[in-house]
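Q: Just entry.cif, nothing more (mmCIF, C-alpha atoms):
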data_start
#
loop_
_atom_site.label_atom_id
_atom_site.label_comp_id
_atom_site.auth_asym_id
_atom_site.auth_seq_id
_atom_site.Cartn_x
_atom_site.Cartn_y
_atom_site.Cartn_z
CA MET D 1 -0.14 75.55 -1.18
CA GLU D 2 -2.72 74.60 1.43
CA ALA D 3 -5.23 73.70 -1.29
CA ILE D 4 -2.76 71.33 -2.95
CA ALA D 5 -1.88 69.70 0.36
CA SER D 6 -5.51 69.22 1.33
CA PHE D 7 -6.23 67.82 -2.15
CA PHE D 8 -3.55 65.16 -1.75
CA ILE D 9 -4.62 64.32 1.80
CA LEU D 10 -8.23 63.91 0.67
CA LEU D 11 -7.16 61.93 -2.40
CA THR D 12 -5.01 59.61 -0.30
CA THR D 13 -7.80 59.02 2.19
CA TYR D 14 -10.33 58.28 -0.55
CA PHE D 15 -7.84 56.05 -2.37
CA LEU D 16 -7.17 53.88 0.68
CA GLY D 17 -10.87 53.68 1.51
CA PHE D 18 -11.87 52.78 -2.03
CA MET D 19 -9.06 50.24 -2.24
CA ALA D 20 -10.52 48.43 0.75
CA LEU D 21 -14.01 48.51 -0.78
CA VAL D 22 -12.88 47.46 -4.26
CA GLN D 23 -10.96 44.51 -2.81
CA LEU D 24 -14.21 43.29 -1.29
CA GLY D 25 -15.83 43.28 -4.74
CA ILE D 26 -12.82 42.15 -6.80
CA ARG D 27 -10.97 39.44 -4.94
CA PRO D 28 -7.22 39.79 -5.37
CA PHE D 29 -5.51 36.70 -6.70
CA ARG D 30 -2.12 35.57 -7.90
CA LYS D 31 -1.84 32.51 -10.10
CA LEU D 32 1.31 30.69 -11.20
CA ILE D 33 1.32 29.64 -14.86
CA ILE D 34 4.09 27.35 -16.13
CA ASP D 35 4.72 27.44 -19.87
CA PRO D 36 5.05 23.79 -21.00
CA ASN D 37 7.42 24.60 -23.87
CA THR D 38 10.00 26.74 -22.07
CA GLN D 39 9.29 25.84 -18.43
CA ARG D 40 9.08 29.58 -17.61
CA ARG D 41 7.05 30.54 -14.59
CA ILE D 42 4.70 33.51 -14.97
CA PHE D 43 2.59 35.07 -12.24
CA ILE D 44 -0.79 36.45 -13.29
CA SER D 45 -2.64 38.77 -10.91
CA ASN D 46 -5.43 41.35 -10.95
CA HIS D 47 -3.74 43.90 -8.70
CA SER D 48 -3.51 46.47 -11.51
CA LYS D 49 -7.28 46.26 -12.00
CA ILE D 50 -7.86 46.92 -8.29
CA ILE D 51 -5.46 49.90 -8.26
CA PHE D 52 -7.01 51.32 -11.46
CA TRP D 53 -10.57 51.23 -10.08
CA SER D 54 -9.52 52.55 -6.66
CA LEU D 55 -7.58 55.47 -8.13
CA GLY D 56 -10.33 56.29 -10.62
CA LEU D 57 -13.05 56.35 -7.98
CA ALA D 58 -10.86 58.37 -5.62
CA LEU D 59 -10.10 60.98 -8.30
CA ILE D 60 -13.77 61.32 -9.26
CA THR D 61 -14.86 61.63 -5.63
CA THR D 62 -12.12 64.16 -4.83
CA PHE D 63 -13.01 66.36 -7.81
CA VAL D 64 -16.71 66.21 -6.92
CA ALA D 65 -15.90 67.16 -3.32
CA TYR D 66 -13.83 70.16 -4.45
CA TRP D 67 -16.51 71.20 -6.93
CA ALA D 68 -19.42 70.83 -4.49
CA PHE D 69 -17.66 72.38 -1.49
CA PRO D 70 -15.27 75.10 -2.75
#
Spit out the file's structure as structure tokens when you get a sec.
A:
Amino acid sequence: MEAIASFFILLTTYFLGFMALVQLGIRPFRKLIIDPNTQRRIFISNHSKIIFWSLGLALITTFVAYWAFP
């Protein structure tokens, strides 16, 4: 139980740290696109890309930390 809790604490810490670093490299944006035919408004953003890279780097780093320091 303690190993699972420490894993999630470490993963959360790495995730938040990597999210801050990834946002420096990939600037978050939100753009409004209006379809000329239907006049629908669509927001396009890259937030999913930032979350994907942050979570991936955090998972890799957490697994390496648990493998290197058992």
Q: Go through D:Ile4, D:Leu32, D:Trp53, D:Pro70 one by one, measure the shortest atom-to-atom distance of each to Gly17 of chain D using only C-alpha atoms, and give the residue with the smallest value.
A: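 Ranked by minimum distance to Gly17 of chain D, first place goes to D:Trp53.
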Q: Return the single residue from D:Met19, D:Ala68, D:Ile34, D:Leu59 that is closest to Phe7 of chain D, with distances computed using only C-alpha atoms.
A: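 That would be D:Leu59, the residue with the smallest distance to Phe7 of chain D.
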Q: Between atom CA of Phe18 of chain D and atom CA of Ser6 of chain D, what is the distance, to one decimal in Å?
A: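 Here the two named atoms are 17.9 Å from each other.
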Q: To one decimal place, how far is atom CA of Tyr14 of chain D from atom CA of Ala65 of chain D in Å?
A: 10.8 Å
Q: List as a PDB file with C-alpha atoms, in the coordinates of the input: which residues have an atom within 12 Å of (-8.5, 57.4, -2.4), counting only C-alpha atoms?
A:
ATOM      1  CA  PHE D   7      -6.230  67.820  -2.150  1.00  0.00           C
ATOM      2  CA  PHE D   8      -3.550  65.160  -1.750  1.00  0.00           C
ATOM      3  CA  ILE D   9      -4.620  64.320   1.800  1.00  0.00           C
ATOM      4  CA  LEU D  10      -8.230  63.910   0.670  1.00  0.00           C
ATOM      5  CA  LEU D  11      -7.160  61.930  -2.400  1.00  0.00           C
ATOM      6  CA  THR D  12      -5.010  59.610  -0.300  1.00  0.00           C
ATOM      7  CA  THR D  13      -7.800  59.020   2.190  1.00  0.00           C
ATOM      8  CA  TYR D  14     -10.330  58.280  -0.550  1.00  0.00           C
ATOM      9  CA  PHE D  15      -7.840  56.050  -2.370  1.00  0.00           C
ATOM     10  CA  LEU D  16      -7.170  53.880   0.680  1.00  0.00           C
ATOM     11  CA  GLY D  17     -10.870  53.680   1.510  1.00  0.00           C
ATOM     12  CA  PHE D  18     -11.870  52.780  -2.030  1.00  0.00           C
ATOM     13  CA  MET D  19      -9.060  50.240  -2.240  1.00  0.00           C
ATOM     14  CA  ALA D  20     -10.520  48.430   0.750  1.00  0.00           C
ATOM     15  CA  LEU D  21     -14.010  48.510  -0.780  1.00  0.00           C
ATOM     16  CA  VAL D  22     -12.880  47.460  -4.260  1.00  0.00           C
ATOM     17  CA  ILE D  51      -5.460  49.900  -8.260  1.00  0.00           C
ATOM     18  CA  PHE D  52      -7.010  51.320 -11.460  1.00  0.00           C
ATOM     19  CA  TRP D  53     -10.570  51.230 -10.080  1.00  0.00           C
ATOM     20  CA  SER D  54      -9.520  52.550  -6.660  1.00  0.00           C
ATOM     21  CA  LEU D  55      -7.580  55.470  -8.130  1.00  0.00           C
ATOM     22  CA  GLY D  56     -10.330  56.290 -10.620  1.00  0.00           C
ATOM     23  CA  LEU D  57     -13.050  56.350  -7.980  1.00  0.00           C
ATOM     24  CA  ALA D  58     -10.860  58.370  -5.620  1.00  0.00           C
ATOM     25  CA  LEU D  59     -10.100  60.980  -8.300  1.00  0.00           C
ATOM     26  CA  ILE D  60     -13.770  61.320  -9.260  1.00  0.00           C
ATOM     27  CA  THR D  61     -14.860  61.630  -5.630  1.00  0.00           C
ATOM     28  CA  THR D  62     -12.120  64.160  -4.830  1.00  0.00           C
ATOM     29  CA  PHE D  63     -13.010  66.360  -7.810  1.00  0.00           C
TER      30      PHE D  63
END
Q: Which value, in Å to one decimal, gives the distance between atom CA of Val64 of chain D and atom CA of Ser48 of chain D?
A: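 It comes out at 24.2 Å.
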Q: Counting all atoms listed in the file, which residue out of D:Ile26, D:Lys31, D:Tyr66, D:Pro36 sits closest to Ile50 of chain D?
A: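 Comparing D:Ile26, D:Lys31, D:Tyr66, D:Pro36 against Ile50 of chain D, the winner is D:Ile26.
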Q: Let me have the centre and edge lengths in Å, one decimal, of the box along x, y and z around every listed atom of segment 62-67 of chain D with 8 Å of margin on each side, as lines of an AutoDock Vina configuration file.
A:
center_x = -14.4
center_y = 67.7
center_z = -5.6
size_x = 20.6
size_y = 23.0
size_z = 20.5
Q: Leaving out Asn46 of chain D and any residue of its chain fewer than 5 positions from it, which residues lie within 8 Å of it when counting only C-alpha atoms, given as a list in words?
A: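 Skipping anything fewer than 5 positions along the chain leaves Pro28, Phe29 and Arg30 of chain D.
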Q: Output segment 15-38 of chain D as a PDB file, keeping the file's coordinate frame, making sure N, CA, C and O atoms are there.
A:
ATOM      1  N   PHE D  15      -8.479  57.170  -1.682  1.00  0.00           N
ATOM      2  CA  PHE D  15      -7.840  56.050  -2.370  1.00  0.00           C
ATOM      3  C   PHE D  15      -7.748  54.827  -1.466  1.00  0.00           C
ATOM      4  O   PHE D  15      -8.084  53.711  -1.876  1.00  0.00           O
ATOM      5  N   LEU D  16      -7.303  55.022  -0.235  1.00  0.00           N
ATOM      6  CA  LEU D  16      -7.170  53.880   0.680  1.00  0.00           C
ATOM      7  C   LEU D  16      -8.534  53.295   1.039  1.00  0.00           C
ATOM      8  O   LEU D  16      -8.691  52.074   1.142  1.00  0.00           O
ATOM      9  N   GLY D  17      -9.524  54.166   1.218  1.00  0.00           N
ATOM     10  CA  GLY D  17     -10.870  53.680   1.510  1.00  0.00           C
ATOM     11  C   GLY D  17     -11.475  52.915   0.343  1.00  0.00           C
ATOM     12  O   GLY D  17     -12.067  51.840   0.522  1.00  0.00           O
ATOM     13  N   PHE D  18     -11.337  53.469  -0.863  1.00  0.00           N
ATOM     14  CA  PHE D  18     -11.870  52.780  -2.030  1.00  0.00           C
ATOM     15  C   PHE D  18     -11.105  51.505  -2.331  1.00  0.00           C
ATOM     16  O   PHE D  18     -11.680  50.541  -2.841  1.00  0.00           O
ATOM     17  N   MET D  19      -9.803  51.466  -2.018  1.00  0.00           N
ATOM     18  CA  MET D  19      -9.060  50.240  -2.240  1.00  0.00           C
ATOM     19  C   MET D  19      -9.598  49.119  -1.361  1.00  0.00           C
ATOM     20  O   MET D  19      -9.741  47.979  -1.808  1.00  0.00           O
ATOM     21  N   ALA D  20      -9.944  49.444  -0.131  1.00  0.00           N
ATOM     22  CA  ALA D  20     -10.520  48.430   0.750  1.00  0.00           C
ATOM     23  C   ALA D  20     -11.878  47.954   0.231  1.00  0.00           C
ATOM     24  O   ALA D  20     -12.179  46.762   0.252  1.00  0.00           O
ATOM     25  N   LEU D  21     -12.698  48.883  -0.262  1.00  0.00           N
ATOM     26  CA  LEU D  21     -14.010  48.510  -0.780  1.00  0.00           C
ATOM     27  C   LEU D  21     -13.919  47.740  -2.091  1.00  0.00           C
ATOM     28  O   LEU D  21     -14.666  46.781  -2.305  1.00  0.00           O
ATOM     29  N   VAL D  22     -13.018  48.147  -2.968  1.00  0.00           N
ATOM     30  CA  VAL D  22     -12.880  47.460  -4.260  1.00  0.00           C
ATOM     31  C   VAL D  22     -12.344  46.050  -4.047  1.00  0.00           C
ATOM     32  O   VAL D  22     -12.746  45.119  -4.743  1.00  0.00           O
ATOM     33  N   GLN D  23     -11.479  45.855  -3.068  1.00  0.00           N
ATOM     34  CA  GLN D  23     -10.960  44.510  -2.810  1.00  0.00           C
ATOM     35  C   GLN D  23     -12.041  43.583  -2.267  1.00  0.00           C
ATOM     36  O   GLN D  23     -11.916  42.364  -2.382  1.00  0.00           O
ATOM     37  N   LEU D  24     -13.095  44.131  -1.697  1.00  0.00           N
ATOM     38  CA  LEU D  24     -14.210  43.290  -1.290  1.00  0.00           C
ATOM     39  C   LEU D  24     -14.988  42.803  -2.511  1.00  0.00           C
ATOM     40  O   LEU D  24     -15.508  41.687  -2.522  1.00  0.00           O
ATOM     41  N   GLY D  25     -15.097  43.654  -3.531  1.00  0.00           N
ATOM     42  CA  GLY D  25     -15.830  43.280  -4.740  1.00  0.00           C
ATOM     43  C   GLY D  25     -14.993  42.479  -5.714  1.00  0.00           C
ATOM     44  O   GLY D  25     -15.476  41.528  -6.332  1.00  0.00           O
ATOM     45  N   ILE D  26     -13.734  42.860  -5.891  1.00  0.00           N
ATOM     46  CA  ILE D  26     -12.820  42.150  -6.800  1.00  0.00           C
ATOM     47  C   ILE D  26     -11.784  41.459  -5.929  1.00  0.00           C
ATOM     48  O   ILE D  26     -10.899  42.098  -5.389  1.00  0.00           O
ATOM     49  N   ARG D  27     -11.903  40.182  -5.796  1.00  0.00           N
ATOM     50  CA  ARG D  27     -10.970  39.440  -4.940  1.00  0.00           C
ATOM     51  C   ARG D  27      -9.580  39.404  -5.560  1.00  0.00           C
ATOM     52  O   ARG D  27      -9.425  38.999  -6.704  1.00  0.00           O
ATOM     53  N   PRO D  28      -8.569  39.860  -4.819  1.00  0.00           N
ATOM     54  CA  PRO D  28      -7.220  39.790  -5.370  1.00  0.00           C
ATOM     55  C   PRO D  28      -6.741  38.341  -5.462  1.00  0.00           C
ATOM     56  O   PRO D  28      -7.024  37.534  -4.580  1.00  0.00           O
ATOM     57  N   PHE D  29      -6.069  38.038  -6.554  1.00  0.00           N
ATOM     58  CA  PHE D  29      -5.510  36.700  -6.700  1.00  0.00           C
ATOM     59  C   PHE D  29      -4.156  36.780  -7.386  1.00  0.00           C
ATOM     60  O   PHE D  29      -3.813  37.763  -8.018  1.00  0.00           O
ATOM     61  N   ARG D  30      -3.407  35.713  -7.237  1.00  0.00           N
ATOM     62  CA  ARG D  30      -2.120  35.570  -7.900  1.00  0.00           C
ATOM     63  C   ARG D  30      -2.000  34.107  -8.299  1.00  0.00           C
ATOM     64  O   ARG D  30      -2.063  33.218  -7.443  1.00  0.00           O
ATOM     65  N   LYS D  31      -1.857  33.869  -9.582  1.00  0.00           N
ATOM     66  CA  LYS D  31      -1.840  32.510 -10.100  1.00  0.00           C
ATOM     67  C   LYS D  31      -0.502  32.249 -10.806  1.00  0.00           C
ATOM     68  O   LYS D  31      -0.009  33.093 -11.541  1.00  0.00           O
ATOM     69  N   LEU D  32       0.060  31.086 -10.573  1.00  0.00           N
ATOM     70  CA  LEU D  32       1.310  30.690 -11.200  1.00  0.00           C
ATOM     71  C   LEU D  32       0.997  29.883 -12.451  1.00  0.00           C
ATOM     72  O   LEU D  32       0.315  28.855 -12.386  1.00  0.00           O
ATOM     73  N   ILE D  33       1.484  30.339 -13.594  1.00  0.00           N
ATOM     74  CA  ILE D  33       1.320  29.640 -14.860  1.00  0.00           C
ATOM     75  C   ILE D  33       2.703  29.172 -15.318  1.00  0.00           C
ATOM     76  O   ILE D  33       3.637  29.965 -15.379  1.00  0.00           O
ATOM     77  N   ILE D  34       2.828  27.897 -15.636  1.00  0.00           N
ATOM     78  CA  ILE D  34       4.090  27.350 -16.130  1.00  0.00           C
ATOM     79  C   ILE D  34       3.922  27.032 -17.605  1.00  0.00           C
ATOM     80  O   ILE D  34       3.057  26.243 -17.984  1.00  0.00           O
ATOM     81  N   ASP D  35       4.737  27.667 -18.426  1.00  0.00           N
ATOM     82  CA  ASP D  35       4.720  27.440 -19.870  1.00  0.00           C
ATOM     83  C   ASP D  35       5.304  26.044 -20.144  1.00  0.00           C
ATOM     84  O   ASP D  35       6.442  25.773 -19.788  1.00  0.00           O
ATOM     85  N   PRO D  36       4.537  25.154 -20.802  1.00  0.00           N
ATOM     86  CA  PRO D  36       5.050  23.790 -21.000  1.00  0.00           C
ATOM     87  C   PRO D  36       6.220  23.708 -21.974  1.00  0.00           C
ATOM     88  O   PRO D  36       7.024  22.783 -21.881  1.00  0.00           O
ATOM     89  N   ASN D  37       6.337  24.657 -22.878  1.00  0.00           N
ATOM     90  CA  ASN D  37       7.420  24.600 -23.870  1.00  0.00           C
ATOM     91  C   ASN D  37       8.753  25.059 -23.290  1.00  0.00           C
ATOM     92  O   ASN D  37       9.782  24.427 -23.524  1.00  0.00           O
ATOM     93  N   THR D  38       8.741  26.169 -22.558  1.00  0.00           N
ATOM     94  CA  THR D  38      10.000  26.740 -22.070  1.00  0.00           C
ATOM     95  C   THR D  38      10.214  26.553 -20.573  1.00  0.00           C
ATOM     96  O   THR D  38      11.256  26.908 -20.061  1.00  0.00           O
TER      97      THR D  38
END
